[in-house]
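Engineer: After the structure tokens below, expect a handful of questions from me.
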2 protein chains.
Amino acid sequence: MARLATTADVFNAIAEPQRRGIISMLAAGEQSVNDLTEQLTLKQPQVSKHLKVLKEVELVSVRKAGKQRFYSLNATKLKPIHDWVASFEHLWNERFDRLETYLETLQSESTKGEKHDNDKS
Amino acid sequence: MARLATTADVFNAIAEPQRRGIISMLAAGEQSVNDLTEQLTLKQPQVSKHLKVLKEVELVSVRKAGKQRFYSLNATKLKPIHDWVASFEHLWNERFDRLETYLETLQSESTKGEKHDNDKS
DNA sequence: TTGACATATTCTCATATAAGCATATATAGT
DNA sequence: ACTATATATGCTTATATGAGAATATGTCAA
């Protein structure tokens with residue numbers, strides 16, 4: 001076997017630098033394929049292909065207008081990544097030390113069936 | 001040409017589900033290769049290989065103790081991902097609308113000696 | 001329709017790489 | 001040294017996929 005799933009996954013979709021570039025550009029608002037092509041170091045077909053990948057994981061959506069297709073970012077789909085990474089934030093961000101202490105205090109006071117939702121990849 | 005860079009990049013390192021699993025496990029504290037192998041659906045060699053990838057991007061570090069190697073998470077390396085994704089957070093999180101408004105208010109009122117130590121890269 | 005323009009798709013090629021398996025290396029105990 | 005245990009590395013195979021080039025599709029205007 002080789003690597004599975006891959007691009008059908010948001011984590012994989014953003015693993016590609018060019019696709020991150022596209023996402024960053026779309027953060028400013030919808031762009032046509034041509035707009036994107038001009039600002040990237042890619043030919044139009046390759047831009048379309050990357051957009052297809054992003055569309056498949058629903059990171060972008062398309063609006064048709066004449067001969068042009070305007071792509072826009074569906075940022076909500078980035079939230080799972082944000083949440084996953086944020087779950088480790090306390091491990092590097094000192095600001096969380098105080099919060100952790102506070103939460104631990106709360107926890108030890110109400111000792112109930114609490115669940116540690118470690119992961120869900 | 002084919003895909004470039006790839007695993008030498010943190011974004012790519014976390015694109016692999018099994019590696020995310022390893023990272024999640026290490027969040028609880030350092031683990032030996034054997035510990036990890038037992039909890040994953042992988043054979044030991046494959047675990048070692050994934051650990052190698054994670055080590056190359058410095059997401060993990062190793063401590064040798066006898067015949068065992070204890071891997072621990074170097075969460076700081078996740079910060080670039082966090083920052084990148086967070087730069088789009090305002091696009092999906094309504095909370096940021098109020099926060100933005102609030103910050104703008106503060107800014108227009110006066111500039112007091114407020115300290116925001118939520119970053120320290 | 002013809003032509004120009006915008007975008008998508010197909011095909012090829014080269015590379016990346018995850019998993020399986022066997023084996024090598026390292027360390028500790030006897 | 002020998003054995004057992006822990007981990008790493010090498011080899012193979014199947015698959016994924018990014019880029020390039022050519023082509024197809026789609027849309028509008030004259």
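All residue names refer to the structure tokens as shown: chains lettered A, B, ... in order, residues numbered from 1 in each chain, ligands numbered from 1 in order.
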Could you tell me which residues of chain C sit within 7 Å of chain B when counting only C-alpha atoms (C1' of nucleotides), and give me the result as a list in words?

Structural biologist: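 Every residue of chain C that passes the 7 Å test is in DA14, DT15, DA16, DA26 and DT27 of chain C.
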
Engineer: So, with only C-alpha atoms as the atoms that count, which of B:Gln44, B:Thr76, B:Thr105, B:Gln39 lies closest to chain A?

Structural biologist: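 Smallest distance to chain A is found for B:Thr76.
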
Engineer: For the contact check between chain B and chain A, emit one row per residue of chain B within 9 Å, containing the shortest atom pair and the distance in Å rounded to one decimal, counting only C-alpha atoms, chain then rising number order, as a Markdown table.

Structural biologist:
| residue | atom | partner | partner_atom | distance |
| --- | --- | --- | --- | --- |
| B:Arg3 | CA | A:Glu16 | CA | 8.5 |
| B:Leu4 | CA | A:Glu16 | CA | 9.0 |
| B:Thr6 | CA | A:Ala15 | CA | 7.7 |
| B:Asp9 | CA | A:Ala15 | CA | 8.4 |
| B:Val10 | CA | A:Ala15 | CA | 8.5 |
| B:Phe11 | CA | A:Ala15 | CA | 5.0 |
| B:Asn12 | CA | A:Ala15 | CA | 4.9 |
| B:Ala13 | CA | A:Ala15 | CA | 8.4 |
| B:Ile14 | CA | A:Phe11 | CA | 7.3 |
| B:Ala15 | CA | A:Asn12 | CA | 4.9 |
| B:Glu16 | CA | A:Asn12 | CA | 7.6 |
| B:Pro17 | CA | A:Ser121 | CA | 6.1 |
| B:Gln18 | CA | A:Ser121 | CA | 8.2 |
| B:Arg20 | CA | A:Ser121 | CA | 6.8 |
| B:Gly21 | CA | A:Ser121 | CA | 6.8 |
| B:Ser24 | CA | A:Asp119 | CA | 6.1 |
| B:Met25 | CA | A:Asn118 | CA | 7.7 |
| B:Ala27 | CA | A:Phe88 | CA | 7.1 |
| B:Ala28 | CA | A:Asn118 | CA | 8.7 |
| B:Leu73 | CA | A:Leu91 | CA | 8.8 |
| B:Asn74 | CA | A:Trp92 | CA | 8.2 |
| B:Ala75 | CA | A:Trp92 | CA | 5.8 |
| B:Thr76 | CA | A:Trp92 | CA | 5.2 |
| B:Lys77 | CA | A:Trp92 | CA | 8.8 |
| B:Leu78 | CA | A:Val85 | CA | 6.8 |
| B:Lys79 | CA | A:Glu89 | CA | 7.8 |
| B:Ile81 | CA | A:Val85 | CA | 7.4 |
| B:His82 | CA | A:Val85 | CA | 6.0 |
| B:Val85 | CA | A:His82 | CA | 6.0 |
| B:Ala86 | CA | A:His82 | CA | 6.8 |
| B:Phe88 | CA | A:Ala75 | CA | 6.7 |
| B:Glu89 | CA | A:Ala75 | CA | 7.5 |
| B:His90 | CA | A:Ala75 | CA | 8.9 |
| B:Leu91 | CA | A:Ala75 | CA | 5.9 |
| B:Trp92 | CA | A:Thr76 | CA | 5.2 |
| B:Asn93 | CA | A:Thr76 | CA | 8.2 |
| B:Asp117 | CA | A:Arg95 | CA | 7.4 |
| B:Asn118 | CA | A:Arg95 | CA | 6.4 |
| B:Asp119 | CA | A:Asn93 | CA | 7.6 |
| B:Lys120 | CA | A:Asn93 | CA | 8.2 |

Engineer: Okay, now the selection with C-alpha atoms, as a short mmCIF file (atom, residue, chain, number, x, y, z; two decimals), in the first residue's frame?

Structural biologist:
data_model
loop_
_atom_site.label_atom_id
_atom_site.label_comp_id
_atom_site.auth_asym_id
_atom_site.auth_seq_id
_atom_site.Cartn_x
_atom_site.Cartn_y
_atom_site.Cartn_z
CA ARG B 3 5.69 17.10 -5.70
CA LEU B 4 8.52 18.90 -4.02
CA THR B 6 6.90 17.40 1.29
CA ASP B 9 7.84 20.59 5.96
CA VAL B 10 5.78 20.71 9.14
CA PHE B 11 2.57 21.10 7.18
CA ASN B 12 3.34 17.90 5.38
CA ALA B 13 4.47 16.14 8.51
CA ILE B 14 1.06 16.59 10.07
CA ALA B 15 -0.77 15.71 6.88
CA GLU B 16 -0.33 12.06 7.69
CA PRO B 17 -3.10 10.76 9.97
CA GLN B 18 -0.84 8.28 11.73
CA ARG B 20 -1.13 13.14 13.94
CA GLY B 21 -2.00 10.18 16.08
CA SER B 24 -1.62 13.37 20.03
CA MET B 25 -0.19 10.54 22.03
CA ALA B 27 0.94 15.36 24.02
CA ALA B 28 0.35 13.34 27.16
CA LEU B 73 6.62 16.41 21.53
CA ASN B 74 8.20 19.70 20.63
CA ALA B 75 4.94 21.54 20.33
CA THR B 76 6.54 24.85 19.50
CA LYS B 77 6.97 23.64 15.96
CA LEU B 78 3.21 23.57 15.60
CA LYS B 79 3.04 27.28 16.16
CA ILE B 81 0.64 26.13 11.56
CA HIS B 82 -1.41 27.63 14.31
CA VAL B 85 -4.61 29.03 10.27
CA ALA B 86 -5.36 31.65 12.88
CA PHE B 88 -8.04 33.20 8.73
CA GLU B 89 -9.93 32.75 11.94
CA HIS B 90 -11.79 36.02 11.58
CA LEU B 91 -13.34 34.61 8.44
CA TRP B 92 -15.26 31.96 10.31
CA ASN B 93 -15.35 33.01 13.92
CA ASP B 117 1.68 38.66 25.90
CA ASN B 118 -0.18 36.19 23.78
CA ASP B 119 2.73 35.73 21.46
CA LYS B 120 6.40 35.25 21.80
#

Engineer: Please give the complete set of residues from segment 10-96 of chain B that DSSP, run on the backbone, assigns to alpha helix (DSSP H), formatted as a VMD selection string.

Structural biologist: chain B and resid 10 to 13 17 to 26 33 to 39 44 to 56 79 to 86 95 to 96

Engineer: Keeping N, CA and C atoms, export the residues of the selection given above as a compact mmCIF listing (two decimals), in the first residue's frame.

Structural biologist:
# COMPACT_ATOMS: atom_id res chain seq x y z
N VAL B 10 6.67 21.05 8.03
CA VAL B 10 5.78 20.71 9.14
C VAL B 10 4.35 20.48 8.66
N PHE B 11 3.93 21.28 7.70
CA PHE B 11 2.57 21.10 7.18
C PHE B 11 2.39 19.70 6.60
N ASN B 12 3.43 19.24 5.94
CA ASN B 12 3.34 17.90 5.38
C ASN B 12 3.46 16.83 6.46
N ALA B 13 4.28 17.13 7.45
CA ALA B 13 4.47 16.14 8.51
C ALA B 13 3.15 15.82 9.21
N PRO B 17 -2.24 11.06 8.81
CA PRO B 17 -3.10 10.76 9.97
C PRO B 17 -2.36 10.02 11.08
N GLN B 18 -1.56 9.05 10.72
CA GLN B 18 -0.84 8.28 11.73
C GLN B 18 0.12 9.19 12.51
N ARG B 19 0.71 10.11 11.82
CA ARG B 19 1.63 11.02 12.51
C ARG B 19 0.86 11.96 13.44
N ARG B 20 -0.32 12.33 13.03
CA ARG B 20 -1.13 13.14 13.94
C ARG B 20 -1.48 12.32 15.17
N GLY B 21 -1.73 11.05 14.94
CA GLY B 21 -2.00 10.18 16.08
C GLY B 21 -0.82 10.13 17.04
N ILE B 22 0.36 10.01 16.49
CA ILE B 22 1.56 9.98 17.31
C ILE B 22 1.70 11.27 18.09
N ILE B 23 1.48 12.37 17.40
CA ILE B 23 1.58 13.67 18.06
C ILE B 23 0.60 13.77 19.22
N SER B 24 -0.61 13.33 18.97
CA SER B 24 -1.62 13.37 20.03
C SER B 24 -1.20 12.54 21.23
N MET B 25 -0.62 11.39 20.94
CA MET B 25 -0.19 10.54 22.03
C MET B 25 0.94 11.18 22.82
N LEU B 26 1.82 11.82 22.11
CA LEU B 26 2.96 12.45 22.78
C LEU B 26 2.56 13.68 23.57
N VAL B 33 8.98 4.00 21.83
CA VAL B 33 8.50 3.51 20.55
C VAL B 33 7.53 2.36 20.75
N ASN B 34 7.84 1.57 21.73
CA ASN B 34 6.98 0.43 22.03
C ASN B 34 5.60 0.89 22.51
N ASP B 35 5.60 1.88 23.38
CA ASP B 35 4.34 2.44 23.85
C ASP B 35 3.48 2.87 22.67
N LEU B 36 4.10 3.59 21.78
CA LEU B 36 3.38 4.11 20.63
C LEU B 36 2.89 2.97 19.75
N THR B 37 3.76 2.01 19.54
CA THR B 37 3.40 0.89 18.66
C THR B 37 2.18 0.15 19.18
N GLU B 38 2.14 -0.01 20.50
CA GLU B 38 1.02 -0.77 21.08
C GLU B 38 -0.32 -0.08 20.88
N GLN B 39 -0.28 1.24 20.86
CA GLN B 39 -1.54 1.97 20.79
C GLN B 39 -1.95 2.31 19.38
N GLN B 44 6.06 -1.83 14.45
CA GLN B 44 7.13 -1.00 15.00
C GLN B 44 7.98 -0.29 13.95
N PRO B 45 8.39 -0.97 12.88
CA PRO B 45 9.21 -0.26 11.90
C PRO B 45 8.53 0.98 11.34
N GLN B 46 7.25 0.85 11.08
CA GLN B 46 6.54 1.98 10.52
C GLN B 46 6.44 3.13 11.52
N VAL B 47 6.29 2.77 12.77
CA VAL B 47 6.26 3.81 13.80
C VAL B 47 7.59 4.54 13.83
N SER B 48 8.66 3.78 13.76
CA SER B 48 9.98 4.41 13.75
C SER B 48 10.16 5.34 12.56
N LYS B 49 9.61 4.92 11.45
CA LYS B 49 9.75 5.75 10.26
C LYS B 49 8.98 7.06 10.40
N HIS B 50 7.78 6.95 10.94
CA HIS B 50 7.00 8.18 11.14
C HIS B 50 7.70 9.08 12.14
N LEU B 51 8.27 8.47 13.16
CA LEU B 51 8.99 9.26 14.15
C LEU B 51 10.19 9.95 13.51
N LYS B 52 10.79 9.28 12.58
CA LYS B 52 11.92 9.87 11.89
C LYS B 52 11.50 11.14 11.14
N VAL B 53 10.37 11.03 10.48
CA VAL B 53 9.85 12.19 9.76
C VAL B 53 9.57 13.33 10.73
N LEU B 54 8.93 12.99 11.83
CA LEU B 54 8.60 14.01 12.83
C LEU B 54 9.86 14.62 13.43
N LYS B 55 10.87 13.80 13.54
CA LYS B 55 12.12 14.28 14.11
C LYS B 55 12.83 15.21 13.14
N GLU B 56 12.70 14.90 11.87
CA GLU B 56 13.37 15.72 10.85
C GLU B 56 12.82 17.14 10.83
N LYS B 79 3.48 25.89 16.13
CA LYS B 79 3.04 27.28 16.16
C LYS B 79 2.88 27.90 14.76
N PRO B 80 3.80 27.67 13.85
CA PRO B 80 3.61 28.24 12.50
C PRO B 80 2.29 27.82 11.87
N ILE B 81 1.91 26.58 12.10
CA ILE B 81 0.64 26.13 11.56
C ILE B 81 -0.50 26.85 12.25
N HIS B 82 -0.38 26.93 13.56
CA HIS B 82 -1.41 27.63 14.31
C HIS B 82 -1.55 29.07 13.82
N ASP B 83 -0.42 29.72 13.67
CA ASP B 83 -0.46 31.12 13.24
C ASP B 83 -1.06 31.26 11.84
N TRP B 84 -0.67 30.34 10.98
CA TRP B 84 -1.19 30.44 9.61
C TRP B 84 -2.70 30.28 9.60
N VAL B 85 -3.17 29.27 10.25
CA VAL B 85 -4.61 29.03 10.27
C VAL B 85 -5.33 30.15 11.01
N ALA B 86 -4.72 30.60 12.08
CA ALA B 86 -5.36 31.65 12.88
C ALA B 86 -5.53 32.93 12.09
N ARG B 95 -16.86 35.57 16.85
CA ARG B 95 -16.29 36.20 18.03
C ARG B 95 -15.30 37.30 17.66
N PHE B 96 -14.67 37.11 16.52
CA PHE B 96 -13.67 38.07 16.12
C PHE B 96 -14.27 39.39 15.67
